[in-house]
file structure_20.txt (compact mmCIF, N, CA and C atoms)
# COMPACT_ATOMS: atom_id res chain seq x y z
N MET A 1 4.70 116.89 -36.11
CA MET A 1 5.51 115.94 -35.43
C MET A 1 4.76 115.48 -34.17
N ASN A 2 4.65 114.17 -34.00
CA ASN A 2 4.01 113.59 -32.82
C ASN A 2 5.04 113.30 -31.74
N ARG A 3 4.86 113.96 -30.64
CA ARG A 3 5.76 113.68 -29.52
C ARG A 3 4.97 112.97 -28.42
N LEU A 4 5.61 112.04 -27.75
CA LEU A 4 4.97 111.34 -26.64
C LEU A 4 4.99 112.23 -25.41
N PRO A 5 3.88 112.26 -24.66
CA PRO A 5 3.86 113.07 -23.46
C PRO A 5 4.78 112.47 -22.38
N HIS A 6 5.13 113.28 -21.44
CA HIS A 6 5.95 112.83 -20.32
C HIS A 6 5.17 111.74 -19.55
N PRO A 7 5.86 110.67 -19.04
CA PRO A 7 5.15 109.57 -18.36
C PRO A 7 4.27 110.02 -17.20
N SER A 8 4.61 111.09 -16.53
CA SER A 8 3.79 111.54 -15.41
C SER A 8 2.46 112.12 -15.89
N LEU A 9 2.34 112.44 -17.16
CA LEU A 9 1.11 112.98 -17.71
C LEU A 9 0.22 111.91 -18.32
N LEU A 10 0.70 110.66 -18.39
CA LEU A 10 -0.10 109.56 -18.94
C LEU A 10 -1.16 109.13 -17.93
N PRO A 11 -2.30 108.62 -18.41
CA PRO A 11 -3.33 108.17 -17.46
C PRO A 11 -2.84 106.95 -16.67
N ALA A 12 -3.30 106.84 -15.43
CA ALA A 12 -2.90 105.72 -14.56
C ALA A 12 -3.55 104.42 -15.01
N VAL A 13 -4.73 104.50 -15.59
CA VAL A 13 -5.43 103.30 -16.05
C VAL A 13 -5.10 103.09 -17.52
N PRO A 14 -4.73 101.86 -17.92
CA PRO A 14 -4.41 101.65 -19.32
C PRO A 14 -5.63 101.94 -20.22
N GLY A 15 -5.36 102.39 -21.40
CA GLY A 15 -6.41 102.70 -22.36
C GLY A 15 -7.12 101.45 -22.85
N PRO A 16 -8.19 101.64 -23.65
CA PRO A 16 -8.97 100.48 -24.10
C PRO A 16 -8.18 99.55 -25.02
N GLY A 17 -7.16 100.03 -25.69
CA GLY A 17 -6.40 99.17 -26.59
C GLY A 17 -5.36 98.33 -25.87
N THR A 18 -5.00 98.72 -24.66
CA THR A 18 -3.96 98.00 -23.92
C THR A 18 -4.60 97.01 -22.96
N ARG A 19 -4.10 95.78 -22.98
CA ARG A 19 -4.62 94.75 -22.08
C ARG A 19 -3.48 94.18 -21.26
N THR A 20 -3.74 94.02 -19.99
CA THR A 20 -2.76 93.33 -19.17
C THR A 20 -3.14 91.86 -19.14
N PRO A 21 -2.18 90.97 -19.26
CA PRO A 21 -2.52 89.55 -19.25
C PRO A 21 -3.08 89.12 -17.90
N ALA A 22 -4.07 88.23 -17.94
CA ALA A 22 -4.68 87.75 -16.70
C ALA A 22 -3.68 86.87 -15.96
N ARG A 23 -3.56 87.11 -14.66
CA ARG A 23 -2.64 86.32 -13.87
C ARG A 23 -3.26 84.98 -13.51
N GLN A 24 -2.50 83.95 -13.65
CA GLN A 24 -2.95 82.61 -13.29
C GLN A 24 -2.74 82.41 -11.79
N PRO A 25 -3.66 81.69 -11.12
CA PRO A 25 -3.46 81.42 -9.70
C PRO A 25 -2.23 80.54 -9.50
N SER A 26 -1.53 80.77 -8.41
CA SER A 26 -0.34 79.98 -8.09
C SER A 26 -0.74 78.70 -7.39
N ASP A 27 -0.14 77.60 -7.79
CA ASP A 27 -0.39 76.31 -7.15
C ASP A 27 0.70 76.11 -6.10
N LEU A 28 0.33 76.16 -4.83
CA LEU A 28 1.32 76.09 -3.75
C LEU A 28 1.62 74.66 -3.30
N ARG A 29 0.76 73.72 -3.67
CA ARG A 29 0.94 72.32 -3.27
C ARG A 29 1.09 72.19 -1.76
N VAL A 30 0.16 72.78 -1.03
CA VAL A 30 0.17 72.72 0.43
C VAL A 30 -1.01 71.89 0.89
N HIS A 31 -0.74 70.95 1.78
CA HIS A 31 -1.80 70.10 2.35
C HIS A 31 -2.08 70.59 3.76
N VAL A 32 -3.33 70.94 4.06
CA VAL A 32 -3.71 71.44 5.38
C VAL A 32 -4.78 70.54 5.95
N GLN A 33 -4.62 70.20 7.23
CA GLN A 33 -5.60 69.38 7.93
C GLN A 33 -5.99 70.11 9.20
N ARG A 34 -7.29 70.29 9.43
CA ARG A 34 -7.78 70.97 10.63
C ARG A 34 -8.67 69.99 11.39
N ILE A 35 -8.34 69.79 12.67
CA ILE A 35 -9.09 68.88 13.52
C ILE A 35 -9.57 69.66 14.73
N GLN A 36 -10.87 69.57 15.02
CA GLN A 36 -11.41 70.20 16.22
C GLN A 36 -11.84 69.12 17.19
N ILE A 37 -11.39 69.22 18.42
CA ILE A 37 -11.66 68.21 19.43
C ILE A 37 -12.37 68.89 20.60
N ASP A 38 -13.51 68.36 20.98
CA ASP A 38 -14.23 68.84 22.15
C ASP A 38 -14.22 67.74 23.19
N ASP A 39 -13.68 68.02 24.38
CA ASP A 39 -13.75 67.08 25.49
C ASP A 39 -15.02 67.39 26.25
N LEU A 40 -15.89 66.39 26.36
CA LEU A 40 -17.19 66.58 26.98
C LEU A 40 -17.25 65.88 28.33
N VAL A 41 -18.02 66.45 29.24
CA VAL A 41 -18.26 65.88 30.55
C VAL A 41 -19.76 65.63 30.67
N VAL A 42 -20.13 64.46 31.20
CA VAL A 42 -21.54 64.12 31.37
C VAL A 42 -22.01 64.67 32.71
N ALA A 43 -22.99 65.54 32.66
CA ALA A 43 -23.54 66.13 33.88
C ALA A 43 -24.69 65.28 34.42
N ASP A 44 -25.50 64.69 33.54
CA ASP A 44 -26.64 63.88 33.95
C ASP A 44 -26.67 62.61 33.09
N PRO A 45 -26.10 61.50 33.59
CA PRO A 45 -26.01 60.27 32.78
C PRO A 45 -27.36 59.73 32.31
N ARG A 46 -28.39 59.79 33.18
CA ARG A 46 -29.70 59.26 32.78
C ARG A 46 -30.30 60.05 31.63
N SER A 47 -30.13 61.36 31.67
CA SER A 47 -30.65 62.20 30.59
C SER A 47 -29.93 61.91 29.28
N VAL A 48 -28.59 61.74 29.36
CA VAL A 48 -27.81 61.44 28.16
C VAL A 48 -28.25 60.12 27.55
N LEU A 49 -28.43 59.09 28.39
CA LEU A 49 -28.86 57.78 27.88
C LEU A 49 -30.26 57.85 27.28
N ALA A 50 -31.17 58.60 27.90
CA ALA A 50 -32.53 58.73 27.38
C ALA A 50 -32.53 59.43 26.02
N HIS A 51 -31.77 60.51 25.89
CA HIS A 51 -31.70 61.22 24.61
C HIS A 51 -31.04 60.33 23.54
N ALA A 52 -30.04 59.57 23.94
CA ALA A 52 -29.34 58.71 22.98
C ALA A 52 -30.24 57.57 22.51
N ARG A 53 -31.05 57.00 23.41
CA ARG A 53 -31.99 55.95 22.97
C ARG A 53 -32.99 56.50 21.96
N ALA A 54 -33.49 57.70 22.22
CA ALA A 54 -34.43 58.33 21.29
C ALA A 54 -33.74 58.60 19.95
N ALA A 55 -32.49 59.06 20.00
CA ALA A 55 -31.75 59.33 18.76
C ALA A 55 -31.45 58.03 18.01
N ALA A 56 -31.19 56.95 18.74
CA ALA A 56 -30.91 55.65 18.10
C ALA A 56 -32.14 55.12 17.37
N HIS A 57 -33.31 55.35 17.92
CA HIS A 57 -34.54 54.93 17.24
C HIS A 57 -34.82 55.81 16.03
N ALA A 58 -34.48 57.10 16.12
CA ALA A 58 -34.72 58.02 15.01
C ALA A 58 -33.71 57.83 13.88
N ASP A 59 -32.48 57.45 14.21
CA ASP A 59 -31.43 57.28 13.20
C ASP A 59 -30.64 55.99 13.47
N PRO A 60 -31.23 54.83 13.13
CA PRO A 60 -30.59 53.55 13.45
C PRO A 60 -29.27 53.30 12.71
N ASP A 61 -29.09 53.89 11.53
CA ASP A 61 -27.85 53.69 10.78
C ASP A 61 -26.66 54.32 11.52
N THR A 62 -26.83 55.55 12.00
CA THR A 62 -25.77 56.20 12.75
C THR A 62 -25.54 55.49 14.07
N ALA A 63 -26.60 55.03 14.70
CA ALA A 63 -26.47 54.29 15.96
C ALA A 63 -25.68 52.99 15.75
N ALA A 64 -25.87 52.34 14.63
CA ALA A 64 -25.13 51.11 14.35
C ALA A 64 -23.64 51.39 14.18
N LEU A 65 -23.29 52.57 13.69
CA LEU A 65 -21.87 52.93 13.53
C LEU A 65 -21.15 53.04 14.87
N VAL A 66 -21.86 53.41 15.93
CA VAL A 66 -21.23 53.52 17.25
C VAL A 66 -21.41 52.26 18.07
N GLY A 67 -21.96 51.23 17.47
CA GLY A 67 -22.05 49.93 18.16
C GLY A 67 -23.38 49.65 18.82
N TYR A 68 -24.40 50.43 18.55
CA TYR A 68 -25.70 50.19 19.16
C TYR A 68 -26.55 49.32 18.25
N SER A 69 -27.19 48.35 18.84
CA SER A 69 -28.19 47.55 18.14
C SER A 69 -29.32 47.30 19.13
N PRO A 70 -30.52 46.99 18.65
CA PRO A 70 -31.64 46.78 19.58
C PRO A 70 -31.39 45.65 20.58
N SER A 71 -30.48 44.72 20.27
CA SER A 71 -30.23 43.60 21.18
C SER A 71 -29.15 43.91 22.22
N THR A 72 -28.44 45.03 22.08
CA THR A 72 -27.39 45.38 23.05
C THR A 72 -27.78 46.65 23.80
N LEU A 73 -27.24 46.77 25.01
CA LEU A 73 -27.47 47.98 25.79
C LEU A 73 -26.57 49.10 25.27
N LEU A 74 -27.05 50.30 25.39
CA LEU A 74 -26.29 51.47 24.96
C LEU A 74 -25.44 51.93 26.14
N THR A 75 -24.12 51.87 25.98
CA THR A 75 -23.23 52.32 27.04
C THR A 75 -23.17 53.85 27.05
N LEU A 76 -22.71 54.41 28.16
CA LEU A 76 -22.63 55.87 28.26
C LEU A 76 -21.66 56.47 27.24
N PRO A 77 -20.45 55.89 27.01
CA PRO A 77 -19.58 56.43 25.95
C PRO A 77 -20.21 56.34 24.56
N ALA A 78 -20.89 55.22 24.27
CA ALA A 78 -21.55 55.10 22.96
C ALA A 78 -22.70 56.09 22.83
N ALA A 79 -23.42 56.31 23.93
CA ALA A 79 -24.52 57.29 23.92
C ALA A 79 -23.98 58.69 23.65
N ALA A 80 -22.90 59.05 24.33
CA ALA A 80 -22.31 60.38 24.12
C ALA A 80 -21.79 60.52 22.70
N THR A 81 -21.18 59.46 22.16
CA THR A 81 -20.68 59.49 20.78
C THR A 81 -21.82 59.69 19.79
N LEU A 82 -22.90 58.97 20.00
CA LEU A 82 -24.06 59.10 19.11
C LEU A 82 -24.63 60.51 19.16
N LEU A 83 -24.78 61.06 20.35
CA LEU A 83 -25.34 62.41 20.46
C LEU A 83 -24.41 63.45 19.83
N CYS A 84 -23.09 63.27 19.99
CA CYS A 84 -22.14 64.21 19.39
C CYS A 84 -22.19 64.15 17.87
N ALA A 85 -22.48 62.99 17.31
CA ALA A 85 -22.56 62.85 15.86
C ALA A 85 -23.81 63.52 15.30
N LEU A 86 -24.83 63.65 16.11
CA LEU A 86 -26.12 64.12 15.59
C LEU A 86 -26.51 65.54 16.02
N HIS A 87 -25.82 66.11 17.02
CA HIS A 87 -26.28 67.38 17.57
C HIS A 87 -25.15 68.39 17.72
N SER A 88 -25.53 69.66 17.80
CA SER A 88 -24.57 70.76 17.98
C SER A 88 -24.17 70.87 19.46
N PRO A 89 -23.07 71.57 19.76
CA PRO A 89 -22.67 71.72 21.17
C PRO A 89 -23.74 72.36 22.06
N ASP A 90 -24.52 73.30 21.53
CA ASP A 90 -25.57 73.92 22.34
C ASP A 90 -26.66 72.90 22.68
N GLU A 91 -27.03 72.08 21.70
CA GLU A 91 -28.03 71.04 21.95
C GLU A 91 -27.50 70.01 22.94
N LEU A 92 -26.21 69.71 22.85
CA LEU A 92 -25.61 68.74 23.77
C LEU A 92 -25.65 69.23 25.21
N SER A 93 -25.42 70.52 25.42
CA SER A 93 -25.46 71.04 26.79
C SER A 93 -26.87 70.97 27.36
N ASP A 94 -27.89 71.11 26.50
CA ASP A 94 -29.27 70.97 26.96
C ASP A 94 -29.59 69.53 27.33
N MET A 95 -28.82 68.57 26.78
CA MET A 95 -29.06 67.14 27.03
C MET A 95 -28.23 66.58 28.18
N GLY A 96 -27.42 67.40 28.81
CA GLY A 96 -26.65 66.92 29.95
C GLY A 96 -25.18 66.70 29.67
N LEU A 97 -24.68 67.16 28.52
CA LEU A 97 -23.25 67.11 28.21
C LEU A 97 -22.73 68.53 28.16
N ARG A 98 -21.56 68.76 28.75
CA ARG A 98 -20.99 70.10 28.66
C ARG A 98 -19.54 69.99 28.20
N ILE A 99 -19.07 71.02 27.51
CA ILE A 99 -17.71 71.02 26.97
C ILE A 99 -16.74 71.38 28.09
N ALA A 100 -15.75 70.50 28.32
CA ALA A 100 -14.74 70.77 29.33
C ALA A 100 -13.53 71.46 28.71
N ARG A 101 -13.24 71.14 27.45
CA ARG A 101 -12.09 71.74 26.77
C ARG A 101 -12.32 71.65 25.27
N HIS A 102 -11.91 72.69 24.55
CA HIS A 102 -12.02 72.73 23.08
C HIS A 102 -10.62 72.92 22.52
N THR A 103 -10.21 72.03 21.63
CA THR A 103 -8.87 72.10 21.04
C THR A 103 -9.00 72.11 19.53
N THR A 104 -8.27 73.01 18.89
CA THR A 104 -8.19 73.04 17.43
C THR A 104 -6.74 72.78 17.05
N ARG A 105 -6.52 71.76 16.24
CA ARG A 105 -5.18 71.42 15.80
C ARG A 105 -5.13 71.57 14.28
N VAL A 106 -4.19 72.39 13.81
CA VAL A 106 -4.02 72.63 12.37
C VAL A 106 -2.62 72.17 11.97
N THR A 107 -2.55 71.36 10.94
CA THR A 107 -1.27 70.88 10.42
C THR A 107 -1.19 71.25 8.95
N GLY A 108 -0.09 71.86 8.54
CA GLY A 108 0.11 72.23 7.15
C GLY A 108 1.48 71.80 6.69
N ALA A 109 1.57 71.31 5.45
CA ALA A 109 2.86 70.87 4.93
C ALA A 109 2.95 71.18 3.44
N ALA A 110 4.10 71.69 3.02
CA ALA A 110 4.39 71.87 1.61
C ALA A 110 4.98 70.55 1.11
N GLN A 111 5.17 70.44 -0.19
CA GLN A 111 5.60 69.17 -0.78
C GLN A 111 6.90 68.64 -0.21
N HIS A 112 7.93 69.44 -0.11
CA HIS A 112 9.23 68.96 0.30
C HIS A 112 9.67 69.54 1.64
N ARG A 113 8.73 69.78 2.51
CA ARG A 113 9.02 70.37 3.82
C ARG A 113 8.39 69.52 4.91
N SER A 114 8.90 69.65 6.11
CA SER A 114 8.30 68.98 7.26
C SER A 114 6.99 69.68 7.61
N PRO A 115 5.99 68.93 8.10
CA PRO A 115 4.72 69.58 8.46
C PRO A 115 4.88 70.50 9.65
N VAL A 116 4.08 71.54 9.67
CA VAL A 116 4.03 72.51 10.76
C VAL A 116 2.69 72.32 11.46
N SER A 117 2.71 72.15 12.78
CA SER A 117 1.48 71.94 13.54
C SER A 117 1.27 73.09 14.51
N LEU A 118 0.04 73.55 14.57
CA LEU A 118 -0.38 74.58 15.53
C LEU A 118 -1.53 74.00 16.34
N GLU A 119 -1.54 74.27 17.64
CA GLU A 119 -2.61 73.76 18.48
C GLU A 119 -3.10 74.88 19.39
N LEU A 120 -4.40 75.10 19.39
CA LEU A 120 -5.03 76.10 20.25
C LEU A 120 -6.00 75.37 21.15
N SER A 121 -5.83 75.51 22.44
CA SER A 121 -6.68 74.81 23.39
C SER A 121 -7.27 75.82 24.36
N GLU A 122 -8.54 75.67 24.66
CA GLU A 122 -9.19 76.56 25.63
C GLU A 122 -10.21 75.78 26.42
N ALA A 123 -10.32 76.13 27.68
CA ALA A 123 -11.30 75.50 28.57
C ALA A 123 -12.29 76.56 29.01
N PRO A 124 -13.59 76.30 28.87
CA PRO A 124 -14.57 77.29 29.33
C PRO A 124 -14.56 77.38 30.85
N GLU A 125 -14.95 78.53 31.33
CA GLU A 125 -14.94 78.74 32.78
C GLU A 125 -16.18 78.21 33.42
call {"tool": "encode", "arguments": {"input": "structure_20.txt", "output": "structure tokens"}}
result
Amino acid sequence: MNRLPHPSLLPAVPGPGTRTPARQPSDLRVHVQRIQIDDLVVADPRSVLAHARAAAHADPDTAALVGYSPSTLLTLPAAATLLCALHSPDELSDMGLRIARHTTRVTGAAQHRSPVSLELSEAPE
């Protein structure tokens, strides 16, 4: 007579003949948007303009997107925009721009719910 062993005596891992069905990933239908904003301060305007002119000659397509053309002067806001598009924050500080405040804004929303927004802001000392 074959008797089944007590459940506490069964192995914890299923045997080779037993298969657990693979779980499908859940679709949550959540839309998330993350925006990072750096407020920059110009420490040396002449240095920023000089670096931006060099960057405009090296990458004229990106320079055209911020409104620079060889026939127009490069304004300080356009110069800063161009440098921010092409360089990292560490490189920007070497060029005369420094970060005054860094803000990260995250917004998430499910299909039938109002969006939830989180904002983290920090200013370097």
call {"tool": "residues_around", "arguments": {"input": "structure_20.txt", "residues": "Gln111 in chain A", "least_positions_apart": "6", "cutoff": "6.5 Å", "atoms": "all atoms listed in the file", "output": "PyMOL selection string"}}
result
chain A and resi 28-31
call {"tool": "closest_residue", "arguments": {"input": "structure_20.txt", "among": "A:Ala100, A:Leu76, A:Ala55, A:Leu65", "to": "Leu40 in chain A", "atoms": "only N, CA and C atoms"}}
result
A:Ala100
call {"tool": "atom_distance", "arguments": {"input": "structure_20.txt", "atom1": "CA of Asp38 in chain A", "atom2": "atom C of Pro70 in chain A"}}
result
28.9 Å
call {"tool": "closest_residue", "arguments": {"input": "structure_20.txt", "among": "A:His102, A:Val32, A:Ala54, A:Thr62", "to": "Pro115 in chain A", "atoms": "only C-alpha atoms"}}
result
A:Val32
call {"tool": "atom_distance", "arguments": {"input": "structure_20.txt", "atom1": "CA of Leu83 in chain A", "atom2": "atom N of Ala52 in chain A"}}
result
6.5 Å
call {"tool": "atom_distance", "arguments": {"input": "structure_20.txt", "atom1": "atom C of Arg46 in chain A", "atom2": "CA of Ala80 in chain A"}}
result
11.0 Å
